[in-house]
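Colleague: Structure file coords23.txt (compact mmCIF, C-alpha atoms) right here:
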# COMPACT_ATOMS: atom_id res chain seq x y z
CA MET S 1 -8.02 -8.53 34.59
CA SER S 2 -10.34 -10.31 37.01
CA ALA S 3 -9.32 -10.86 40.64
CA ASP S 4 -10.10 -14.59 40.47
CA ARG S 5 -6.83 -15.26 38.58
CA SER S 6 -8.50 -16.14 35.31
CA VAL S 7 -7.93 -14.74 31.83
CA ASN S 8 -10.65 -15.09 29.21
CA ILE S 9 -9.51 -14.85 25.58
CA LEU S 10 -11.76 -14.49 22.56
CA PHE S 11 -10.34 -15.72 19.26
CA LEU S 12 -11.81 -14.22 16.11
CA GLY S 13 -11.68 -16.85 13.38
CA GLY S 14 -9.43 -19.15 15.40
CA ALA S 15 -11.16 -22.32 14.21
CA LYS S 16 -7.93 -24.26 13.55
CA ARG S 17 -5.60 -22.54 16.02
CA VAL S 18 -5.55 -25.33 18.60
CA ALA S 19 -1.76 -25.29 18.96
CA MET S 20 -1.73 -21.55 19.65
CA ALA S 21 -4.58 -21.93 22.15
CA ARG S 22 -2.48 -24.49 24.02
CA LEU S 23 0.41 -22.04 24.12
CA PHE S 24 -1.84 -19.33 25.56
CA LYS S 25 -2.99 -21.76 28.24
CA LYS S 26 0.63 -22.70 28.99
CA ALA S 27 1.69 -19.05 29.27
CA ALA S 28 -1.22 -18.32 31.59
CA ALA S 29 -0.45 -21.32 33.79
CA GLU S 30 3.17 -20.15 34.13
CA ARG S 31 1.75 -16.91 35.56
CA GLY S 32 -0.58 -18.68 37.97
CA LEU S 33 -3.63 -17.92 35.83
CA GLU S 34 -6.39 -20.07 34.43
CA CYS S 35 -6.92 -19.41 30.72
CA ASN S 36 -10.34 -19.86 29.15
CA ILE S 37 -10.44 -19.87 25.36
CA PHE S 38 -13.51 -18.80 23.38
CA SER S 39 -13.77 -18.50 19.61
CA SER S 40 -16.35 -16.66 17.53
CA GLU S 41 -17.21 -18.86 14.53
CA VAL S 42 -19.96 -19.02 11.91
CA VAL S 43 -19.60 -22.84 11.83
CA PRO S 44 -19.92 -24.59 15.21
CA ASN S 45 -18.09 -27.86 14.54
CA VAL S 46 -14.49 -26.65 14.32
CA PRO S 47 -11.26 -28.00 15.86
CA ILE S 48 -10.83 -25.23 18.44
CA SER S 49 -13.80 -26.74 20.29
CA CYS S 50 -11.48 -29.47 21.62
CA ILE S 51 -9.74 -26.93 23.84
CA GLY S 52 -12.15 -24.00 24.07
CA THR S 53 -15.75 -22.89 23.74
CA VAL S 54 -17.15 -22.05 20.32
CA LEU S 55 -19.52 -19.09 20.33
CA ASP S 56 -22.06 -18.37 17.61
CA GLY S 57 -20.44 -15.76 15.39
CA LEU S 58 -21.33 -13.44 12.54
CA ARG S 59 -19.45 -12.66 9.35
CA TRP S 60 -17.02 -9.78 9.76
CA SER S 61 -19.03 -7.69 7.28
CA ASP S 62 -22.33 -8.17 9.12
CA PRO S 63 -23.86 -4.79 10.11
CA ASP S 64 -24.42 -6.08 13.66
CA ILE S 65 -20.90 -7.47 14.15
CA TYR S 66 -19.82 -4.92 16.79
CA ASN S 67 -22.96 -5.13 18.89
CA HIS S 68 -22.69 -8.91 18.68
CA LEU S 69 -19.05 -8.99 19.78
CA LEU S 70 -19.72 -6.51 22.58
CA ARG S 71 -22.42 -8.85 23.87
CA LEU S 72 -20.03 -11.82 23.70
CA CYS S 73 -17.37 -9.85 25.58
CA ASP S 74 -19.86 -8.88 28.30
CA ASP S 75 -21.49 -12.31 28.58
CA HIS S 76 -18.14 -14.12 28.91
CA SER S 77 -16.10 -11.46 30.71
CA ILE S 78 -13.56 -11.32 27.89
CA HIS S 79 -10.20 -9.74 28.69
CA ILE S 80 -8.30 -10.27 25.43
CA VAL S 81 -9.39 -10.43 21.78
CA ILE S 82 -7.08 -12.02 19.18
CA PRO S 83 -7.86 -11.95 15.42
CA PHE S 84 -6.59 -14.87 13.34
CA VAL S 85 -7.98 -14.14 9.87
CA ASP S 86 -7.58 -11.10 7.63
CA GLY S 87 -11.12 -9.76 7.92
CA ALA S 88 -11.09 -9.91 11.70
CA VAL S 89 -8.11 -7.60 12.27
CA ALA S 90 -9.86 -4.31 11.51
CA VAL S 91 -12.90 -5.61 13.41
CA ALA S 92 -10.76 -6.23 16.50
CA ALA S 93 -9.18 -2.78 16.21
CA ARG S 94 -12.58 -1.06 16.05
CA LEU S 95 -13.92 -3.24 18.85
CA ARG S 96 -11.08 -1.94 21.02
CA GLU S 97 -12.35 1.61 20.47
CA LEU S 98 -15.85 0.58 21.56
CA ALA S 99 -14.67 -1.46 24.55
CA PRO S 100 -11.40 0.01 25.91
CA HIS S 101 -11.47 -2.45 28.82
CA VAL S 102 -10.83 -5.29 26.30
CA PHE S 103 -7.20 -5.71 25.27
CA ALA S 104 -6.90 -6.17 21.49
CA PRO S 105 -3.22 -5.93 20.51
CA THR S 106 -3.54 -4.95 16.85
CA SER S 107 -2.56 -2.14 14.53
CA SER S 108 -5.19 0.45 13.66
CA ALA S 109 -8.12 -0.60 11.50
CA GLU S 110 -6.91 1.74 8.74
CA THR S 111 -3.43 0.20 8.74
CA ALA S 112 -4.82 -3.32 8.73
CA GLU S 113 -7.11 -2.60 5.79
CA ALA S 114 -4.21 -1.05 3.86
CA MET S 115 -1.94 -4.04 4.46
CA PHE S 116 -4.61 -6.47 3.22
CA ASP S 117 -4.83 -4.55 -0.07
CA LYS S 118 -1.59 -5.49 -1.84
CA VAL S 119 -1.68 -2.48 -4.17
CA ARG S 120 -2.14 0.01 -1.34
CA ALA S 121 0.49 -1.75 0.75
CA ALA S 122 3.04 -1.58 -2.07
CA GLU S 123 2.34 2.15 -2.45
CA ILE S 124 2.87 2.65 1.29
CA PHE S 125 6.17 0.70 1.22
CA GLU S 126 7.36 2.84 -1.69
CA GLY S 127 6.26 6.06 0.02
CA CYS S 128 8.19 5.11 3.16
CA GLY S 129 11.30 4.23 1.19
CA LEU S 130 11.12 0.57 2.18
CA PRO S 131 12.68 -1.97 -0.20
CA ALA S 132 10.01 -3.81 -2.19
CA PRO S 133 9.96 -5.44 -5.63
CA ALA S 134 9.44 -2.89 -8.40
CA THR S 135 5.77 -2.46 -9.31
CA TYR S 136 4.69 -2.60 -12.96
CA LYS S 137 3.06 0.71 -13.92
CA GLY S 138 2.61 0.30 -17.67
CA GLY S 139 4.99 0.71 -20.55
CA PRO S 140 7.33 -1.96 -21.85
CA VAL S 141 7.27 -5.12 -19.79
CA GLY S 142 10.39 -5.86 -17.78
CA THR S 143 9.89 -9.58 -17.38
CA PRO S 144 9.71 -11.76 -15.45
CA LEU S 145 6.73 -10.44 -13.47
CA ILE S 146 4.26 -11.85 -10.98
CA ALA S 147 0.62 -10.76 -10.67
CA LYS S 148 -1.11 -11.29 -7.31
CA PRO S 149 -4.81 -10.63 -6.68
CA ARG S 150 -4.78 -7.42 -4.65
CA HIS S 151 -7.12 -8.89 -2.02
CA GLY S 152 -5.99 -12.52 -2.33
CA SER S 153 -4.39 -14.86 0.18
CA ALA S 154 -2.78 -18.31 0.46
CA SER S 155 -1.04 -17.85 -2.94
CA GLN S 156 -4.33 -18.34 -4.80
CA GLY S 157 -4.90 -16.79 -8.22
CA ILE S 158 -1.26 -15.85 -8.83
CA LEU S 159 -0.13 -15.34 -12.44
CA LEU S 160 3.45 -15.75 -13.67
CA ILE S 161 4.16 -13.36 -16.54
CA ASN S 162 7.00 -13.84 -19.01
CA SER S 163 5.85 -11.62 -21.90
CA ASP S 164 3.46 -8.78 -22.81
CA ALA S 165 0.92 -11.32 -24.05
CA GLU S 166 0.61 -12.85 -20.58
CA LEU S 167 -0.32 -9.60 -18.81
CA PRO S 168 -3.91 -9.38 -17.51
CA LEU S 169 -6.21 -7.40 -19.79
CA ALA S 170 -5.94 -3.64 -19.24
CA GLU S 171 -9.41 -3.44 -17.68
CA GLU S 172 -8.49 -6.23 -15.23
CA ARG S 173 -5.09 -4.94 -14.11
CA ASP S 174 -6.35 -2.91 -11.17
CA LYS S 175 -7.44 -6.21 -9.59
CA TYR S 176 -3.79 -7.26 -9.32
CA LEU S 177 -0.50 -6.15 -7.87
CA ILE S 178 1.99 -6.73 -10.69
CA GLN S 179 5.63 -6.74 -9.60
CA GLN S 180 9.14 -7.76 -10.50
CA ARG S 181 9.66 -11.52 -10.07
CA PHE S 182 12.72 -13.25 -8.66
CA ASP S 183 12.99 -16.84 -9.80
CA HIS S 184 16.25 -17.47 -7.92
CA ARG S 185 14.98 -16.50 -4.51
CA GLU S 186 14.64 -17.29 -0.81
CA GLU S 187 11.36 -16.55 0.98
CA ILE S 188 11.42 -15.74 4.69
CA SER S 189 8.51 -15.37 7.12
CA VAL S 190 9.16 -13.18 10.15
CA ASP S 191 6.90 -13.51 13.20
CA CYS S 192 6.81 -10.38 15.35
CA TYR S 193 5.19 -8.88 18.38
CA VAL S 194 5.25 -5.11 18.86
CA SER S 195 4.29 -3.88 22.31
CA ALA S 196 0.88 -2.26 22.42
CA LEU S 197 2.12 -0.35 25.48
CA SER S 198 5.48 1.03 24.33
CA GLY S 199 5.72 0.38 20.58
CA GLU S 200 8.94 -1.60 21.10
CA ALA S 201 9.46 -4.70 18.98
CA LEU S 202 9.58 -7.46 21.61
CA ALA S 203 9.93 -10.36 19.17
CA ILE S 204 11.33 -10.58 15.64
CA VAL S 205 11.82 -14.19 14.58
CA PRO S 206 12.72 -15.08 10.98
CA ARG S 207 11.98 -18.58 9.74
CA ARG S 208 12.09 -20.49 6.51
CA ARG S 209 9.00 -22.34 5.32
CA LEU S 210 10.14 -25.83 4.39
CA GLU S 211 6.76 -27.25 3.40
CA VAL S 212 3.39 -25.65 2.67
CA ALA S 213 0.03 -27.35 2.06
CA GLY S 214 -3.17 -25.51 1.14
CA GLY S 215 -1.57 -22.15 1.89
CA GLU S 216 -0.65 -23.25 5.45
CA VAL S 217 2.93 -23.89 6.53
CA VAL S 218 3.33 -27.45 7.81
CA ARG S 219 7.11 -27.49 8.30
CA SER S 220 9.19 -24.47 9.27
CA ILE S 221 12.57 -23.68 10.86
CA THR S 222 13.88 -20.53 12.54
CA ILE S 223 17.02 -19.05 11.01
CA ASP S 224 19.83 -16.70 12.02
CA ASP S 225 19.44 -13.77 9.62
CA PRO S 226 20.51 -10.40 11.11
CA ALA S 227 19.76 -8.54 7.85
CA ALA S 228 16.16 -9.79 7.88
CA VAL S 229 15.75 -8.88 11.56
CA GLU S 230 17.03 -5.34 11.04
CA LEU S 231 14.92 -4.75 7.92
CA VAL S 232 11.81 -5.92 9.76
CA ARG S 233 12.64 -3.85 12.86
CA HIS S 234 12.96 -0.75 10.66
CA THR S 235 9.72 -1.61 8.82
CA LEU S 236 7.70 -2.10 12.01
CA GLN S 237 8.88 1.28 13.28
CA CYS S 238 8.29 3.11 9.99
CA LEU S 239 4.73 1.82 9.63
CA GLY S 240 3.78 2.16 13.30
CA LEU S 241 2.56 -1.43 13.50
CA ARG S 242 1.37 -2.90 16.80
CA GLY S 243 0.61 -6.32 18.24
CA ALA S 244 1.24 -9.55 16.36
CA VAL S 245 2.58 -9.05 12.84
CA THR S 246 3.84 -11.46 10.17
CA VAL S 247 6.21 -9.96 7.59
CA GLN S 248 6.92 -11.85 4.36
CA LEU S 249 10.34 -11.15 2.87
CA ILE S 250 12.00 -12.29 -0.32
CA ARG S 251 15.75 -12.36 -1.02
CA ASP S 252 17.00 -12.13 -4.59
CA LEU S 253 19.76 -14.74 -4.43
CA ASP S 254 21.42 -13.34 -7.56
CA ALA S 255 21.91 -9.85 -6.10
CA GLY S 256 21.61 -10.74 -2.40
CA ALA S 257 19.02 -7.99 -1.85
CA LEU S 258 16.12 -8.31 0.61
CA TYR S 259 12.64 -7.02 -0.19
CA ILE S 260 9.31 -6.81 1.61
CA MET S 261 6.63 -8.85 -0.15
CA GLU S 262 3.71 -8.29 2.19
CA ILE S 263 2.71 -7.71 5.78
CA ASN S 264 -0.10 -9.51 7.63
CA PRO S 265 -0.88 -7.58 10.83
CA ARG S 266 -1.96 -10.64 12.81
CA LEU S 267 -0.65 -13.93 14.18
CA GLY S 268 0.30 -16.22 11.32
CA GLY S 269 -0.38 -19.94 11.29
CA GLY S 270 3.32 -20.69 11.67
CA ALA S 271 3.89 -18.33 14.60
CA VAL S 272 3.92 -21.34 16.94
CA CYS S 273 7.45 -21.94 15.63
CA ALA S 274 8.57 -18.55 16.98
CA VAL S 275 7.02 -19.32 20.37
CA HIS S 276 8.80 -22.66 20.63
CA ALA S 277 12.02 -20.88 19.64
CA GLY S 278 11.77 -18.65 22.71
CA ALA S 279 9.57 -15.70 21.69
CA ASP S 280 6.73 -16.11 24.17
CA ILE S 281 4.16 -14.08 22.22
CA PRO S 282 1.18 -15.46 24.21
CA GLY S 283 2.95 -14.48 27.43
CA MET S 284 3.68 -11.02 26.06
CA ILE S 285 0.00 -10.54 25.23
CA ILE S 286 -1.21 -11.78 28.62
CA ASP S 287 1.30 -9.60 30.47
CA GLU S 288 0.42 -6.49 28.49
CA ALA S 289 -3.29 -7.10 29.07
CA ARG S 290 -2.46 -6.94 32.78
CA GLY S 291 -0.45 -3.73 32.33
CA ILE S 292 2.86 -5.53 32.83
CA ALA S 293 5.76 -4.60 30.58
CA HIS S 294 7.55 -7.54 28.93
CA ALA S 295 11.20 -7.61 27.98
CA ALA S 296 12.28 -8.19 24.38
CA ALA S 297 12.89 -11.88 23.70
CA ALA S 298 15.78 -13.63 22.04
CA TYR S 299 15.07 -16.70 19.93
CA ARG S 300 16.87 -19.91 19.10
CA PRO S 301 17.78 -20.41 15.41
CA GLY S 302 17.38 -23.97 14.18
CA THR S 303 14.07 -24.57 15.94
CA GLU S 304 12.02 -26.70 13.55
CA ILE S 305 8.35 -27.60 13.74
CA ALA S 306 6.42 -30.19 11.76
CA ARG S 307 2.64 -29.87 11.91
CA TYR S 308 0.16 -32.68 11.38
CA MET S 309 -3.56 -33.20 11.01
CA GLN S 310 -5.64 -34.57 13.86
CA GLU S 311 -9.37 -35.17 13.79
CA VAL S 312 -11.95 -33.72 16.18
CA VAL S 313 -15.14 -35.80 16.20
CA PHE S 314 -18.64 -34.33 16.50
CA TYR S 315 -21.74 -36.43 17.07
CA ASN S 316 -24.62 -34.45 15.57
Could you write out this structure as structure tokens?

Modeller:
Amino acid sequence: MSADRSVNILFLGGAKRVAMARLFKKAAAERGLECNIFSSEVVPNVPISCIGTVLDGLRWSDPDIYNHLLRLCDDHSIHIVIPFVDGAVAVAARLRELAPHVFAPTSSAETAEAMFDKVRAAEIFEGCGLPAPATYKGGPVGTPLIAKPRHGSASQGILLINSDAELPLAEERDKYLIQQRFDHREEISVDCYVSALSGEALAIVPRRRLEVAGGEVVRSITIDDPAAVELVRHTLQCLGLRGAVTVQLIRDLDAGALYIMEINPRLGGGAVCAVHAGADIPGMIIDEARGIAHAAAAYRPGTEIARYMQEVVFYN
């Protein structure tokens, strides 16, 4: 970290993460630091520009992405890199290998890529003995089932299956994760931070999504759920996850059993709720970038957030 008491953070795909940027600035200020936010974007006119500097970015699959990001890190003296979209997580992990002086608190690129493939992730959960909904592997259909695009997100392209006739065609099935469906259920999002220094889970905050629009949570509340916390703690340890992680759980309300639906190894859009509840994830990241260990954080159940739209105006 620079001696001039500043911390420069590069968001990858943080176009809409204004609230989280404010929390990083707040955490830095509490430590006597000035926080400068940058974000690598392929579109320049994005909301994050109201609080940070938008840098010309490339697509994550671009052959020159690593050279480009290394130049951005050098040109702007970047200390910390935070990925906010699926494709950027493995990129951040590999960037860390190329630039060890940049702190990128993420799981390995291989782990990230596995978690963003729902079929591979389900196989890993099963191999580790973690509770997950039963996966359909052919034979008679045990309905009801749900089919999710294996590389999908934001609940897009999901199929609800109630009979054999509703299954995807055989040649299309490898494009989906097909699993047992629970219609009488409770879904829980758990925002976590696992120390990149020690591997200890410093934050595990379960919350209930009360309202979702366009795949983004707009109203959420933290809950007291010891069973969810312990399942997630065990899962984080078993999979060796690091940095910010969002775990999606589902509870079968008929049997009372908890299952892992999916894991996103990055900061989720609703993670601001966990921060306001007492889990200072931005502070944890800033401290660890400075080589300072951070204690595990308690959280306050019943912390509710309601998010709203606000315009950012550009005069072209």

Colleague: Just checking: using all atoms listed in the file, which residue out of S:Ala227, S:Ile292, S:Ala132, S:Ala93 ends up closest to Glu113 (chain S)?

Modeller: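 Result for the nearest residue to Glu113 (chain S): S:Ala93.
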
Colleague: Separation of CA of Thr222 (chain S) and CA of Val81 (chain S), in Å?

Modeller: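 Spanning CA of Thr222 (chain S) to CA of Val81 (chain S) is a straight-line distance of 27.0 Å.
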
Colleague: With all atoms listed in the file as the atoms that count, which of S:Ala165, S:Leu10, S:Ala296, S:Ala122 lies nearest to Val102 (chain S)?

Modeller: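 For Val102 (chain S), the nearest of the candidates is S:Leu10.
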
Colleague: With distances taken over all atoms listed in the file, which residue among S:Leu241, S:Arg266, S:Asp4, S:Pro44 lies nearest Gly32 (chain S)?

Modeller: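 That would be S:Asp4, the residue with the smallest distance to Gly32 (chain S).
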
Colleague: Env of region 133-136 of chain S: 9 Å cut, atoms = only C-alpha atoms, seq-sep filter 6 positions within chain, self excluded. Answer as an MDAnalysis selection string.

Modeller: chainID S and resid 122:123 142 145 177:182 250 259:261

Colleague: Would you please work out which residue, of S:Leu267, S:Val229, S:Leu253, S:Pro206, is nearest to Gly14 (chain S) when using only C-alpha atoms?

Modeller: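 Going through S:Leu267, S:Val229, S:Leu253, S:Pro206 one by one, the smallest distance to Gly14 (chain S) is for S:Leu267.
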